[in-house]
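Undergrad: One structure coming up, written as C-alpha cells, with questions to follow.
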Amino acid sequence: AEYMGGDRAETASAIARECGLLTDASGADAVITSAELNALSDAQVQARLPALRVVARALPTDKSRLVSIAQTQDCVVGMTGDGVNDTAALKQADVSFAMGAGSELAKEASDIVILDNNFASVLQAALYGRSIFKSIRRFVVFQSTINLGSSIIVFLGPFLG
C-alpha cells in the first residue's frame, strides 16, 4: 500500500488520486478499508499487496501488519508517520520517516526526521547522501592504491637495496 490513513475510503481515494498514487486504471483491488483488510488472511493480503494502493480507516495494527507482510515478501518497506499511533509501524519498517511537527514518540521511533515537514527534503537528502557516498568511495580507492604502493616499496626496498 502506498497510502494508509484514518480517512474514509472516498477521502483517502481522492487524496491518492491528487498525489498520483491512484489512477482510473488502478482497479477495484487498489482501495481497501481496515474492516475489509481484517477480514482477509495474511496469504490473501500477500496476494493482493502488489495491486493495493490505499488503505482507508487504517488502524495502527493494520499498519504494522502490512509492514510485516511486505517484509515477508522481501520488500524494502518505508513508513512515514507523525503520530503516536504510527510508532509501532515506524519502528518495524526498514526505513522510517517522521515529520518534525509530529509527536516526540514518532520522531524517536523513526530513522529520519523531516524537520521542515516537506517530502522534497527527503529527495534532497538522498541526493546529498549519494554524493557523499561516492566521494568516500573515491577516497577509499585512492588511499588503498597509495597504501598498496607504499607497502610494496617497504617490503621490497630492503631486498633491492
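Residue numbering restarts at 1 in every chain; chains get A, B, ... in the order shown in the C-alpha cells, and ligands count up from 1 in that same order.
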Going by DSSP on the backbone, which residues of region 2-150 of chain A come out as helix (DSSP H, G or I)? List them as a VMD selection string.

TA: chain A and resid 9 to 19 24 to 26 28 to 30 34 to 39 42 to 51 60 to 72 84 to 92 104 to 109 120 to 150

Undergrad: Using only C-alpha atoms, which protein or nucleic acid residues come within 7 Å of region 101-106 of chain A? Drop anything in the same chain fewer than 2 positions from it, and give the result as a PyMOL selection string.

TA: chain A and resi 81-84+86-87+98-99+108-110+117

Undergrad: Residues of region 70-90 of chain A within 10 Å of region 45-52 of chain A: nearest atom pair and distance (Å, one decimal) for each, counting only C-alpha atoms, sorted by chain and number, as JSON lines?

TA:
{"residue": "A:Ala70", "atom": "CA", "partner": "A:Gln46", "partner_atom": "CA", "distance": 7.4}
{"residue": "A:Thr72", "atom": "CA", "partner": "A:Gln46", "partner_atom": "CA", "distance": 8.9}
{"residue": "A:Gln73", "atom": "CA", "partner": "A:Gln46", "partner_atom": "CA", "distance": 7.8}

Undergrad: Measuring between only C-alpha atoms, which one of A:Glu10, A:Asp62, A:Asp74, A:Asp116 shows the shortest distance to Ala88 (chain A)?

TA: A:Asp62

Undergrad: Report as a PyMOL selection string all protein, DNA and RNA residues lying within 7 Å of Ala89 (chain A), evaluated on only C-alpha atoms, omitting residues in the same chain fewer than 5 positions from it.

TA: chain A and resi 63-64+67

Undergrad: Grab the residues selected above and save them as an mmCIF file, in the first residue's frame with all heavy atoms.

TA:
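Final file, out_4.cif:
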data_model
loop_
_atom_site.group_PDB
_atom_site.id
_atom_site.type_symbol
_atom_site.label_atom_id
_atom_site.label_comp_id
_atom_site.auth_asym_id
_atom_site.auth_seq_id
_atom_site.Cartn_x
_atom_site.Cartn_y
_atom_site.Cartn_z
ATOM 1 N N LYS A 63 -1.322 -1.019 10.031
ATOM 2 C CA LYS A 63 -0.047 -0.527 9.504
ATOM 3 C C LYS A 63 1.077 -1.504 9.827
ATOM 4 O O LYS A 63 1.869 -1.860 8.955
ATOM 5 C CB LYS A 63 0.250 0.857 10.081
ATOM 6 C CG LYS A 63 -0.760 1.900 9.653
ATOM 7 C CD LYS A 63 -0.547 3.216 10.375
ATOM 8 C CE LYS A 63 -1.642 4.209 10.014
ATOM 9 N NZ LYS A 63 -1.495 5.497 10.688
ATOM 10 N N SER A 64 1.124 -1.965 11.055
ATOM 11 C CA SER A 64 2.165 -2.931 11.445
ATOM 12 C C SER A 64 2.014 -4.239 10.687
ATOM 13 O O SER A 64 2.998 -4.847 10.269
ATOM 14 C CB SER A 64 2.088 -3.199 12.951
ATOM 15 O OG SER A 64 2.373 -2.032 13.665
ATOM 16 N N VAL A 67 3.255 -3.805 7.114
ATOM 17 C CA VAL A 67 4.715 -3.725 7.093
ATOM 18 C C VAL A 67 5.315 -5.124 7.195
ATOM 19 O O VAL A 67 6.199 -5.494 6.425
ATOM 20 C CB VAL A 67 5.239 -2.803 8.221
ATOM 21 C CG1 VAL A 67 6.727 -2.959 8.404
ATOM 22 C CG2 VAL A 67 4.886 -1.359 7.925
#

Undergrad: Enter the distance from CA of Phe139 (chain A) to CA of Val154 (chain A), in Å, rounded to one decimal.

TA: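 For CA of Phe139 (chain A) relative to CA of Val154 (chain A), the distance reads 22.2 Å.
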